[in-house]
>>> print(open('final.pdb').read())   # PDB, C-alpha atoms and all ligand atoms
ATOM      1  CA  MET A   1     -26.215 -35.130   7.014
ATOM      2  CA  SER A   2     -25.561 -32.613   4.228
ATOM      3  CA  PHE A   3     -22.060 -31.789   3.021
ATOM      4  CA  VAL A   4     -21.339 -28.122   3.863
ATOM      5  CA  ALA A   5     -18.605 -26.107   2.119
ATOM      6  CA  LEU A   6     -17.530 -22.490   2.592
ATOM      7  CA  ILE A   7     -15.545 -20.771  -0.164
ATOM      8  CA  THR A   8     -13.982 -17.347   0.383
ATOM      9  CA  GLY A   9     -13.245 -15.057  -2.547
ATOM     10  CA  ALA A  10     -16.203 -16.587  -4.388
ATOM     11  CA  SER A  11     -17.213 -13.444  -6.296
ATOM     12  CA  SER A  12     -14.651 -13.982  -9.087
ATOM     13  CA  GLY A  13     -11.714 -16.020 -10.350
ATOM     14  CA  ILE A  14     -10.642 -19.228  -8.617
ATOM     15  CA  GLY A  15     -13.268 -19.014  -5.853
ATOM     16  CA  GLU A  16     -16.117 -18.577  -8.329
ATOM     17  CA  ALA A  17     -14.799 -21.451 -10.471
ATOM     18  CA  THR A  18     -14.576 -23.660  -7.354
ATOM     19  CA  ALA A  19     -18.193 -22.868  -6.484
ATOM     20  CA  ARG A  20     -19.225 -23.835 -10.012
ATOM     21  CA  LEU A  21     -17.215 -27.073  -9.946
ATOM     22  CA  LEU A  22     -18.140 -28.341  -6.483
ATOM     23  CA  PRO A  23     -21.684 -29.491  -7.392
ATOM     24  CA  THR A  24     -20.181 -31.829 -10.021
ATOM     25  CA  ARG A  25     -18.447 -33.673  -7.147
ATOM     26  CA  HIS A  26     -21.094 -33.102  -4.438
ATOM     27  CA  PRO A  27     -24.456 -32.479  -6.142
ATOM     28  CA  HIS A  28     -26.309 -31.821  -2.868
ATOM     29  CA  ALA A  29     -23.619 -29.801  -1.093
ATOM     30  CA  GLU A  30     -24.654 -26.687   0.803
ATOM     31  CA  ILE A  31     -22.227 -24.035  -0.473
ATOM     32  CA  ILE A  32     -21.600 -20.752   1.332
ATOM     33  CA  LEU A  33     -20.127 -18.076  -0.949
ATOM     34  CA  VAL A  34     -18.146 -15.349   0.820
ATOM     35  CA  ALA A  35     -16.810 -12.077  -0.650
ATOM     36  CA  ARG A  36     -17.424  -8.353  -0.258
ATOM     37  CA  ARG A  37     -19.333  -7.805  -3.515
ATOM     38  CA  GLN A  38     -22.845  -8.846  -2.534
ATOM     39  CA  ASP A  39     -24.251  -8.397  -6.068
ATOM     40  CA  ARG A  40     -21.704 -10.843  -7.513
ATOM     41  CA  ILE A  41     -22.276 -13.640  -5.005
ATOM     42  CA  ASP A  42     -26.065 -13.098  -5.100
ATOM     43  CA  ALA A  43     -26.017 -13.519  -8.893
ATOM     44  CA  LEU A  44     -23.787 -16.620  -8.721
ATOM     45  CA  ALA A  45     -25.962 -18.210  -6.026
ATOM     46  CA  ALA A  46     -29.131 -17.500  -8.033
ATOM     47  CA  GLU A  47     -27.574 -19.014 -11.153
ATOM     48  CA  LEU A  48     -26.355 -22.172  -9.386
ATOM     49  CA  ASN A  49     -29.627 -22.630  -7.480
ATOM     50  CA  ALA A  50     -31.640 -22.253 -10.689
ATOM     51  CA  ALA A  51     -29.514 -24.992 -12.272
ATOM     52  CA  ASP A  52     -30.394 -27.485  -9.501
ATOM     53  CA  PRO A  53     -33.210 -29.727 -10.794
ATOM     54  CA  SER A  54     -34.350 -30.534  -7.227
ATOM     55  CA  GLY A  55     -35.368 -26.886  -6.745
ATOM     56  CA  HIS A  56     -33.482 -26.819  -3.423
ATOM     57  CA  SER A  57     -31.564 -23.567  -2.751
ATOM     58  CA  HIS A  58     -28.259 -25.044  -1.718
ATOM     59  CA  VAL A  59     -25.986 -22.072  -2.514
ATOM     60  CA  HIS A  60     -25.927 -19.317   0.106
ATOM     61  CA  PRO A  61     -24.285 -15.912  -0.496
ATOM     62  CA  TYR A  62     -22.761 -14.214   2.549
ATOM     63  CA  ALA A  63     -21.166 -10.786   2.057
ATOM     64  CA  ALA A  64     -18.278 -10.029   4.398
ATOM     65  CA  ASP A  65     -14.999  -8.161   4.495
ATOM     66  CA  LEU A  66     -12.686 -10.843   5.888
ATOM     67  CA  THR A  67     -10.219  -8.263   7.209
ATOM     68  CA  ASP A  68     -12.891  -7.256   9.761
ATOM     69  CA  PRO A  69     -12.604  -9.572  12.818
ATOM     70  CA  ASP A  70     -16.239  -8.918  13.830
ATOM     71  CA  ALA A  71     -17.410  -9.910  10.347
ATOM     72  CA  VAL A  72     -15.463 -13.182  10.646
ATOM     73  CA  ASP A  73     -17.117 -13.936  14.012
ATOM     74  CA  ARG A  74     -20.564 -13.126  12.573
ATOM     75  CA  LEU A  75     -19.869 -15.434   9.625
ATOM     76  CA  ALA A  76     -18.879 -18.292  11.961
ATOM     77  CA  ARG A  77     -22.088 -17.764  14.003
ATOM     78  CA  TYR A  78     -24.136 -17.841  10.779
ATOM     79  CA  VAL A  79     -22.555 -21.145   9.709
ATOM     80  CA  SER A  80     -23.023 -22.597  13.202
ATOM     81  CA  ASP A  81     -26.667 -21.496  13.526
ATOM     82  CA  THR A  82     -27.625 -22.525   9.994
ATOM     83  CA  PHE A  83     -25.693 -25.776   9.470
ATOM     84  CA  GLY A  84     -24.088 -26.777  12.788
ATOM     85  CA  HIS A  85     -20.998 -28.179  11.089
ATOM     86  CA  LEU A  86     -18.599 -27.556   8.181
ATOM     87  CA  ASP A  87     -17.041 -30.223   5.958
ATOM     88  CA  LEU A  88     -14.849 -28.079   3.694
ATOM     89  CA  LEU A  89     -13.299 -24.640   4.226
ATOM     90  CA  VAL A  90     -11.617 -23.061   1.196
ATOM     91  CA  ASN A  91      -9.478 -20.089   2.255
ATOM     92  CA  ASN A  92      -9.077 -18.523  -1.173
ATOM     93  CA  ALA A  93      -9.709 -14.741  -0.855
ATOM     94  CA  GLY A  94      -6.585 -12.727  -1.558
ATOM     95  CA  ALA A  95      -5.049  -9.714  -3.278
ATOM     96  CA  ARG A  96      -1.740  -8.273  -4.434
ATOM     97  CA  TRP A  97      -0.629  -4.655  -4.551
ATOM     98  CA  SER A  98       2.598  -4.606  -6.611
ATOM     99  CA  ARG A  99       4.987  -2.294  -4.799
ATOM    100  CA  THR A 100       8.644  -2.438  -3.871
ATOM    101  CA  PHE A 101       9.373  -2.006  -0.180
ATOM    102  CA  ALA A 102      10.654   1.508  -0.927
ATOM    103  CA  GLU A 103       7.283   2.368  -2.490
ATOM    104  CA  GLY A 104       4.886   0.589  -0.160
ATOM    105  CA  GLY A 105       6.804   0.212   3.114
ATOM    106  CA  PHE A 106       5.235  -1.384   6.174
ATOM    107  CA  ALA A 107       1.759  -0.151   5.219
ATOM    108  CA  ASN A 108       1.682  -2.307   2.087
ATOM    109  CA  VAL A 109       3.068  -5.360   3.881
ATOM    110  CA  SER A 110       0.443  -4.869   6.574
ATOM    111  CA  GLN A 111      -2.558  -4.489   4.236
ATOM    112  CA  THR A 112      -1.416  -7.558   2.278
ATOM    113  CA  MET A 113      -0.919  -9.681   5.406
ATOM    114  CA  GLU A 114      -4.393  -8.667   6.602
ATOM    115  CA  ILE A 115      -6.219 -10.271   3.691
ATOM    116  CA  ASN A 116      -3.759 -12.981   2.589
ATOM    117  CA  PHE A 117      -2.764 -14.335   5.998
ATOM    118  CA  ASP A 118      -4.475 -12.848   9.069
ATOM    119  CA  ALA A 119      -7.940 -13.311   7.573
ATOM    120  CA  GLN A 120      -7.255 -16.978   6.740
ATOM    121  CA  VAL A 121      -5.950 -17.692  10.253
ATOM    122  CA  ARG A 122      -8.817 -15.850  11.941
ATOM    123  CA  LEU A 123     -11.467 -17.563   9.838
ATOM    124  CA  THR A 124      -9.900 -20.986  10.371
ATOM    125  CA  GLU A 125      -9.841 -20.428  14.133
ATOM    126  CA  ALA A 126     -13.486 -19.330  14.144
ATOM    127  CA  LEU A 127     -14.626 -22.300  12.028
ATOM    128  CA  LEU A 128     -12.437 -25.052  13.507
ATOM    129  CA  PRO A 129     -15.100 -26.097  16.055
ATOM    130  CA  LEU A 130     -17.516 -26.616  13.137
ATOM    131  CA  LEU A 131     -14.941 -28.692  11.215
ATOM    132  CA  ARG A 132     -14.482 -30.764  14.380
ATOM    133  CA  ALA A 133     -18.268 -31.097  14.572
ATOM    134  CA  ALA A 134     -18.220 -32.521  11.030
ATOM    135  CA  VAL A 135     -15.562 -35.056  12.043
ATOM    136  CA  GLY A 136     -17.731 -36.062  15.004
ATOM    137  CA  ALA A 137     -20.860 -36.339  12.894
ATOM    138  CA  ASN A 138     -19.017 -38.285  10.204
ATOM    139  CA  GLY A 139     -17.675 -40.787  12.763
ATOM    140  CA  ASP A 140     -14.385 -41.271  14.604
ATOM    141  CA  ALA A 141     -14.813 -38.230  16.803
ATOM    142  CA  GLU A 142     -12.051 -39.169  19.209
ATOM    143  CA  PRO A 143      -8.710 -37.604  18.233
ATOM    144  CA  THR A 144      -5.907 -40.146  18.302
ATOM    145  CA  ALA A 145      -2.362 -39.470  19.399
ATOM    146  CA  SER A 146      -0.951 -41.296  16.399
ATOM    147  CA  ILE A 147      -1.733 -40.667  12.743
ATOM    148  CA  PRO A 148      -5.052 -42.401  12.063
ATOM    149  CA  ALA A 149      -5.230 -45.056   9.408
ATOM    150  CA  GLY A 150      -8.624 -43.867   8.160
ATOM    151  CA  LYS A 151      -9.508 -41.068   5.810
ATOM    152  CA  PRO A 152      -9.907 -37.445   6.916
ATOM    153  CA  ARG A 153     -13.498 -36.441   7.725
ATOM    154  CA  ALA A 154     -13.237 -32.699   7.027
ATOM    155  CA  SER A 155     -10.850 -30.457   5.078
ATOM    156  CA  ILE A 156      -9.293 -27.028   4.904
ATOM    157  CA  VAL A 157      -7.741 -25.817   1.654
ATOM    158  CA  ASN A 158      -5.483 -22.775   1.746
ATOM    159  CA  VAL A 159      -4.862 -21.096  -1.601
ATOM    160  CA  ALA A 160      -1.364 -19.633  -1.434
ATOM    161  CA  SER A 161       0.775 -19.149  -4.569
ATOM    162  CA  THR A 162       3.998 -20.184  -6.262
ATOM    163  CA  ALA A 163       5.072 -16.855  -4.703
ATOM    164  CA  ALA A 164       4.826 -18.749  -1.393
ATOM    165  CA  ARG A 165       8.104 -20.441  -2.340
ATOM    166  CA  ILE A 166       9.842 -17.762  -4.476
ATOM    167  CA  GLY A 167      10.214 -14.021  -3.926
ATOM    168  CA  ARG A 168      10.127 -11.556  -6.840
ATOM    169  CA  ALA A 169      11.145  -7.897  -6.966
ATOM    170  CA  GLY A 170       8.059  -5.722  -6.463
ATOM    171  CA  ALA A 171       6.068  -8.532  -4.842
ATOM    172  CA  GLY A 172       7.700  -8.726  -1.423
ATOM    173  CA  ALA A 173       4.544  -8.006   0.566
ATOM    174  CA  TYR A 174       2.621 -10.613  -1.417
ATOM    175  CA  SER A 175       5.386 -13.204  -1.052
ATOM    176  CA  ALA A 176       5.666 -12.487   2.675
ATOM    177  CA  SER A 177       1.957 -13.144   3.121
ATOM    178  CA  LYS A 178       1.971 -16.290   0.979
ATOM    179  CA  PHE A 179       5.190 -17.681   2.521
ATOM    180  CA  ALA A 180       3.472 -17.184   5.889
ATOM    181  CA  LEU A 181       0.332 -18.926   4.674
ATOM    182  CA  ALA A 182       2.291 -21.870   3.229
ATOM    183  CA  GLY A 183       4.452 -22.273   6.345
ATOM    184  CA  TRP A 184       1.425 -22.133   8.621
ATOM    185  CA  THR A 185      -0.405 -24.601   6.379
ATOM    186  CA  ASP A 186       2.506 -27.077   6.508
ATOM    187  CA  SER A 187       2.339 -27.042  10.322
ATOM    188  CA  LEU A 188      -1.461 -27.046  10.555
ATOM    189  CA  HIS A 189      -1.547 -30.092   8.279
ATOM    190  CA  LEU A 190       0.542 -32.026  10.796
ATOM    191  CA  GLU A 191      -1.338 -30.706  13.819
ATOM    192  CA  LEU A 192      -4.835 -31.495  12.556
ATOM    193  CA  ARG A 193      -4.044 -34.797  10.842
ATOM    194  CA  PRO A 194      -4.558 -36.795  14.055
ATOM    195  CA  GLU A 195      -8.018 -35.204  14.319
ATOM    196  CA  ARG A 196      -8.861 -36.408  10.803
ATOM    197  CA  ILE A 197      -9.013 -32.853   9.472
ATOM    198  CA  HIS A 198      -7.037 -32.640   6.250
ATOM    199  CA  VAL A 199      -5.219 -29.379   5.483
ATOM    200  CA  GLY A 200      -4.180 -28.938   1.854
ATOM    201  CA  LEU A 201      -2.239 -26.235   0.054
ATOM    202  CA  VAL A 202      -2.815 -25.019  -3.511
ATOM    203  CA  ASN A 203      -0.052 -22.935  -5.088
ATOM    204  CA  PRO A 204      -1.247 -21.345  -8.320
ATOM    205  CA  GLY A 205       1.202 -19.965 -10.850
ATOM    206  CA  PHE A 206      -0.159 -17.410 -13.317
ATOM    207  CA  ILE A 207      -3.911 -18.004 -13.624
ATOM    208  CA  ALA A 208      -5.836 -15.490 -15.737
ATOM    209  CA  THR A 209      -8.602 -14.121 -13.486
ATOM    210  CA  GLU A 210     -10.361 -10.821 -12.921
ATOM    211  CA  GLY A 211      -8.019  -9.867 -10.080
ATOM    212  CA  PHE A 212      -4.857 -11.301 -11.661
ATOM    213  CA  PRO A 213      -5.487 -10.928 -15.426
ATOM    214  CA  ALA A 214      -1.833 -11.653 -16.351
ATOM    215  CA  THR A 215      -2.324  -9.785 -19.633
ATOM    216  CA  GLU A 216       1.470  -9.405 -19.956
ATOM    217  CA  PHE A 217       1.583 -13.200 -20.304
ATOM    218  CA  VAL A 218      -1.741 -13.862 -22.060
ATOM    219  CA  ASP A 219      -0.751 -11.447 -24.875
ATOM    220  CA  HIS A 220       2.779 -12.849 -25.218
ATOM    221  CA  PRO A 221       3.457 -15.440 -27.970
ATOM    222  CA  ILE A 222       5.482 -17.746 -25.688
ATOM    223  CA  LYS A 223       4.635 -16.776 -22.126
ATOM    224  CA  LYS A 224       0.930 -17.381 -22.815
ATOM    225  CA  TYR A 225       1.678 -21.104 -22.422
ATOM    226  CA  MET A 226       2.537 -20.433 -18.784
ATOM    227  CA  VAL A 227      -0.965 -19.179 -17.963
ATOM    228  CA  GLY A 228      -3.525 -21.508 -16.445
ATOM    229  CA  THR A 229      -7.288 -21.150 -16.078
ATOM    230  CA  ALA A 230      -9.484 -20.609 -13.054
ATOM    231  CA  GLU A 231     -11.104 -23.973 -13.821
ATOM    232  CA  GLN A 232      -7.719 -25.745 -13.550
ATOM    233  CA  ALA A 233      -7.121 -24.027 -10.213
ATOM    234  CA  ALA A 234     -10.623 -24.956  -9.017
ATOM    235  CA  ASP A 235      -9.935 -28.580  -9.904
ATOM    236  CA  ALA A 236      -6.755 -28.386  -7.803
ATOM    237  CA  VAL A 237      -8.729 -26.921  -4.882
ATOM    238  CA  LEU A 238     -11.164 -29.835  -4.996
ATOM    239  CA  ARG A 239      -8.356 -32.397  -5.307
ATOM    240  CA  ALA A 240      -6.827 -30.879  -2.172
ATOM    241  CA  GLY A 241     -10.158 -30.637  -0.351
ATOM    242  CA  LEU A 242     -11.999 -33.784  -1.426
ATOM    243  CA  ASP A 243      -9.212 -36.152  -2.491
ATOM    244  CA  HIS A 244      -6.937 -34.989   0.327
ATOM    245  CA  GLN A 245      -3.887 -34.096  -1.733
ATOM    246  CA  VAL A 246      -1.407 -32.197   0.415
ATOM    247  CA  GLU A 247       0.244 -29.642  -1.908
ATOM    248  CA  ILE A 248      -0.603 -28.890  -5.529
ATOM    249  CA  TYR A 249       0.994 -26.481  -7.975
ATOM    250  CA  VAL A 250      -1.296 -25.363 -10.783
ATOM    251  CA  PRO A 251      -0.442 -25.568 -13.635
ATOM    252  CA  GLY A 252       1.576 -28.531 -12.380
ATOM    253  CA  PHE A 253       4.918 -27.544 -13.903
ATOM    254  CA  TYR A 254       5.154 -24.537 -11.542
ATOM    255  CA  TYR A 255       6.535 -26.895  -8.879
ATOM    256  CA  LEU A 256       9.765 -26.809 -10.946
ATOM    257  CA  PHE A 257      10.233 -23.163  -9.954
ATOM    258  CA  ALA A 258      10.090 -24.143  -6.287
ATOM    259  CA  VAL A 259      12.578 -26.962  -6.897
ATOM    260  CA  MET A 260      14.875 -24.606  -8.833
ATOM    261  CA  ARG A 261      14.703 -22.063  -5.999
ATOM    262  CA  THR A 262      16.341 -24.711  -3.805
ATOM    263  CA  LEU A 263      18.695 -26.321  -6.324
ATOM    264  CA  VAL A 264      19.842 -23.302  -8.368
ATOM    265  CA  PRO A 265      19.010 -20.253  -6.235
ATOM    266  CA  GLY A 266      21.409 -17.963  -8.104
ATOM    267  CA  LEU A 267      19.666 -18.626 -11.413
ATOM    268  CA  MET A 268      16.243 -18.112  -9.838
ATOM    269  CA  ARG A 269      17.376 -14.788  -8.335
ATOM    270  CA  LYS A 270      18.376 -13.624 -11.837
ATOM    271  CA  VAL A 271      14.997 -14.610 -13.260
ATOM    272  CA  ALA A 272      12.957 -13.222 -10.359
ATOM    273  CA  GLY A 273      14.885  -9.968 -10.152
ATOM    274  CA  GLY A 274      14.061  -8.788 -13.681
ATOM    275  CA  PRO A 275      10.808  -7.634 -15.226
ATOM    276  CA  ALA A 276      10.113 -10.917 -17.114
ATOM    277  CA  PHE A 277       7.774 -12.225 -14.398
ATOM    278  CA  THR A 278       6.076  -8.961 -13.504
ATOM    279  CA  THR A 279       2.307  -8.673 -13.944
ATOM    280  CA  GLN A 280      -0.289  -6.099 -12.927
ATOM    281  CA  THR A 281      -3.280  -6.940 -10.740
ATOM    282  CA  SER A 282      -6.699  -5.297 -10.500
ATOM    283  CA  GLN A 283      -5.483  -3.645  -7.251
ATOM    284  CA  ASP A 284      -2.631  -2.050  -9.261
ATOM    285  CA  ALA A 285      -5.047  -0.838 -11.941
ATOM    286  CA  ALA A 286      -7.285   0.702  -9.250
ATOM    287  CA  ALA A 287      -4.283   2.441  -7.656
ATOM    288  CA  ASP A 288      -3.192   3.781 -11.074
ATOM    289  CA  GLU A 289      -6.651   5.250 -11.640
ATOM    290  CA  LEU A 290      -6.509   7.068  -8.303
ATOM    291  CA  ALA A 291      -3.010   8.442  -8.994
TER     292      ALA A 291
HETATM  293  N1  LIG B 301      -4.695 -15.710 -10.428
HETATM  294  C1  LIG B 301      -3.408 -15.904 -10.147
HETATM  295  O1  LIG B 301      -2.521 -15.768 -11.012
HETATM  296  C2  LIG B 301      -3.002 -16.334  -8.775
HETATM  297  C3  LIG B 301      -1.699 -16.805  -8.600
HETATM  298  C4  LIG B 301      -1.308 -17.213  -7.339
HETATM  299  C5  LIG B 301      -2.194 -17.155  -6.275
HETATM  300  N2  LIG B 301      -3.454 -16.683  -6.468
HETATM  301  C6  LIG B 301      -4.344 -16.610  -5.301
HETATM  302  O2  LIG B 301      -5.595 -17.179  -5.613
HETATM  303  C7  LIG B 301      -6.600 -16.566  -4.805
HETATM  304  C8  LIG B 301      -7.770 -16.170  -5.688
HETATM  305  O3  LIG B 301      -7.319 -15.186  -6.605
HETATM  306  P1  LIG B 301      -8.000 -14.967  -8.029
HETATM  307  O4  LIG B 301      -6.936 -15.109  -9.032
HETATM  308  O5  LIG B 301      -9.232 -15.768  -8.157
HETATM  309  O6  LIG B 301      -8.310 -13.392  -7.925
HETATM  310  P2  LIG B 301      -9.667 -12.557  -7.899
HETATM  311  O7  LIG B 301     -10.476 -12.849  -9.102
HETATM  312  O8  LIG B 301      -9.254 -11.154  -7.650
HETATM  313  O9  LIG B 301     -10.410 -13.124  -6.614
HETATM  314  C9  LIG B 301     -10.076 -12.682  -5.323
HETATM  315  C10 LIG B 301     -11.280 -12.879  -4.433
HETATM  316  O10 LIG B 301     -10.950 -12.460  -3.100
HETATM  317  C11 LIG B 301     -12.020 -11.665  -2.611
HETATM  318  N3  LIG B 301     -11.537 -10.722  -1.618
HETATM  319  C12 LIG B 301     -10.515  -9.819  -1.760
HETATM  320  N4  LIG B 301     -10.420  -9.073  -0.649
HETATM  321  C13 LIG B 301     -11.380  -9.513   0.208
HETATM  322  C14 LIG B 301     -11.792  -9.130   1.511
HETATM  323  N5  LIG B 301     -11.187  -8.127   2.175
HETATM  324  N6  LIG B 301     -12.826  -9.784   2.091
HETATM  325  C15 LIG B 301     -13.457 -10.783   1.425
HETATM  326  N7  LIG B 301     -13.123 -11.191   0.200
HETATM  327  C16 LIG B 301     -12.098 -10.564  -0.404
HETATM  328  C17 LIG B 301     -12.569 -10.957  -3.851
HETATM  329  O11 LIG B 301     -13.933 -10.611  -3.657
HETATM  330  P3  LIG B 301     -14.496  -9.136  -3.361
HETATM  331  O12 LIG B 301     -13.635  -8.151  -4.101
HETATM  332  O13 LIG B 301     -15.908  -9.220  -3.865
HETATM  333  O14 LIG B 301     -14.420  -8.999  -1.881
HETATM  334  C18 LIG B 301     -12.487 -12.066  -4.887
HETATM  335  O15 LIG B 301     -13.633 -12.886  -4.830
HETATM  336  C19 LIG B 301      -5.920 -15.398  -4.087
HETATM  337  O16 LIG B 301      -5.592 -15.774  -2.769
HETATM  338  C20 LIG B 301      -4.647 -15.182  -4.896
HETATM  339  O17 LIG B 301      -3.604 -14.624  -4.130
HETATM  340  C21 LIG B 301      -3.881 -16.269  -7.688
END
>>> encode(input="final.pdb", output="C-alpha cells")
Amino acid sequence: MSFVALITGASSGIGEATARLLPTRHPHAEIILVARRQDRIDALAAELNAADPSGHSHVHPYAADLTDPDAVDRLARYVSDTFGHLDLLVNNAGARWSRTFAEGGFANVSQTMEINFDAQVRLTEALLPLLRAAVGANGDAEPTASIPAGKPRASIVNVASTAARIGRAGAGAYSASKFALAGWTDSLHLELRPERIHVGLVNPGFIATEGFPATEFVDHPIKKYMVGTAEQAADAVLRAGLDHQVEIYVPGFYYLFAVMRTLVPGLMRKVAGGPAFTTQTSQDAAADELA
C-alpha cells in the first residue's frame, strides 16, 4: 500500500520545503500539495514528478482555499476517492496580519483564526476517517483503551509557532490563533494516541520564507543568527510526522523563549512589548500597497 501524505500551504515556504524533502524519506510517497495558487503547486508537482526516475507521477497538486468549508469537504472526497487512506497530514497553511487590537479589532482576529485554526480543525475532522483507514490498513486497527506499546500508524503535524507560547504587541490575533492550535494539538495528541495516530506540533521561530521574510532580522548583523531556513523547518515537520516527535521548536533554541515565558514572565513581557521582535509579513506588504 502506498504512503500518502497531504501538505497544506505547499505553494511556498515551509510547506514547499516539506514537499521537496519528503521523497528523501519516502521515495514512493504519493504527495498531495494544497494551496490557493494553482500555478505554484502545478509547477512544483511537475518539477518533483520529473525528478522521479520511475516516471510515476506521485505528486498531485490540489488548489483550494482552506477557509472555505465546501472546499475542505471536496478535498477530503478527492483524497478518499483517489487514495482511500492518508498516512500523513501536515497542517501548515497559515498567515499573519500584523495589527494591534485597536487597529484590527475582531475582524482581524476572525480572519486570522479562520486560516490558522478553524481551517486546520475542519481539515483534520474531514480527513480523520482516512487517517483511521491508514491505521487499519497498516495493522492494529482496533483502538485500545490504554496507550499502545507499538508505534503510531499514521500522523498529523500541526505547524503552529513560537508565538503559540508567547504573545507580542501587534501580533495578538496571530498568537491567539497559534495558542489555540497548540492547545488543541496537545489535547488531540492524547486523544488519538490510543488509536495509534500520532499528533505532533512544530513551533517555528523566525524562518525566512516568502510569507514571513523576516528582513528586519536577516539584514541585522546580530539578529540574523536567529533566523532559520525553510529546510530546517521542513526537517522538523518530518521528524514530527515520521519519527513521531511530539513538539519541536525550530531553530531548536527557540524553546528557551517558551521556558523564559514561564520562568521570567516579567522579562519576557519587556522583550515582547518593544519593537525588537517585530517583523513584516507578505500580508502586511499587500495591505500597505492597498493603503
Ligand atoms: N516563517 C516563519 O517565520 C514562521 C514562524 C512561525 C510559524 N510559521 C508558520 O509556518 C506556516 C508556513 O508559513 P511559511 O513561513 O512557509 O509562509 P508562506 O511562505 O507564506 O506559506 C504559507 C502557505 O499557506 C498557504 N495559504 C495561506 N492562506 C491559505 C488559504 N486560505 N488556503 C490555502 N492555503 C493558504 C499559502 O499558499 P497560497 O497563498 O498559494 O494559498 C502558502 O503556501 C504558517 O502556518 C506560519 O504561521 C512561520
>>> residues_near_ligand(input="final.pdb", ligand="ligand LIG 301 (chain B)", cutoff="6 Å", atoms="all atoms listed in the file", output="number ranges by chain")
A: 9-15, 35-37, 64-67, 92-95, 115, 159-161, 204-212
>>> resolve_selection(input="final.pdb", expression="the PyMOL selection byres (((chain A and resi 60) around 9) and not hetatm)", output="list in words")
Glu30, Ile31, Ile32, Leu33, Val34, Ile41, Asp42, Ala45, Ala46, Ser57, His58, Val59, Pro61 and Tyr62 of chain A
>>> atom_distance(input="final.pdb", atom1="CA of Asn91 in chain A", atom2="CA of Ala276 in chain A")
29.0 Å
>>> residues_around(input="final.pdb", residues="His198 in chain A", least_positions_apart="2", cutoff="8 Å", atoms="only C-alpha atoms", output="ChimeraX atom specification")
/A:152-156,189,192-193,196,200,241,244
>>> closest_residue(input="final.pdb", among="A:Val202, A:Ala171, A:Ala76, A:Leu123", to="Thr100 in chain A", atoms="only C-alpha atoms")
A:Ala171
>>> closest_residue(input="final.pdb", among="A:Leu44, A:Met268, A:Val109, A:Ala126", to="Ala17 in chain A", atoms="only C-alpha atoms")
A:Leu44
>>> resolve_selection(input="final.pdb", expression="the PyMOL selection byres (((chain A and resi 21) around 12) and not hetatm)", output="compact mmCIF listing (two decimals) with C-alpha atoms, in the frame of the given file")
# COMPACT_ATOMS: atom_id res chain seq x y z
CA ILE A 7 -15.54 -20.77 -0.16
CA ALA A 10 -16.20 -16.59 -4.39
CA ILE A 14 -10.64 -19.23 -8.62
CA GLY A 15 -13.27 -19.01 -5.85
CA GLU A 16 -16.12 -18.58 -8.33
CA ALA A 17 -14.80 -21.45 -10.47
CA THR A 18 -14.58 -23.66 -7.35
CA ALA A 19 -18.19 -22.87 -6.48
CA ARG A 20 -19.23 -23.84 -10.01
CA LEU A 22 -18.14 -28.34 -6.48
CA PRO A 23 -21.68 -29.49 -7.39
CA THR A 24 -20.18 -31.83 -10.02
CA ARG A 25 -18.45 -33.67 -7.15
CA HIS A 26 -21.09 -33.10 -4.44
CA PRO A 27 -24.46 -32.48 -6.14
CA ALA A 29 -23.62 -29.80 -1.09
CA ILE A 31 -22.23 -24.04 -0.47
CA LEU A 48 -26.36 -22.17 -9.39
CA ALA A 230 -9.48 -20.61 -13.05
CA GLU A 231 -11.10 -23.97 -13.82
CA GLN A 232 -7.72 -25.74 -13.55
CA ALA A 233 -7.12 -24.03 -10.21
CA ALA A 234 -10.62 -24.96 -9.02
CA ASP A 235 -9.94 -28.58 -9.90
CA ALA A 236 -6.76 -28.39 -7.80
CA VAL A 237 -8.73 -26.92 -4.88
CA LEU A 238 -11.16 -29.84 -5.00
CA ARG A 239 -8.36 -32.40 -5.31
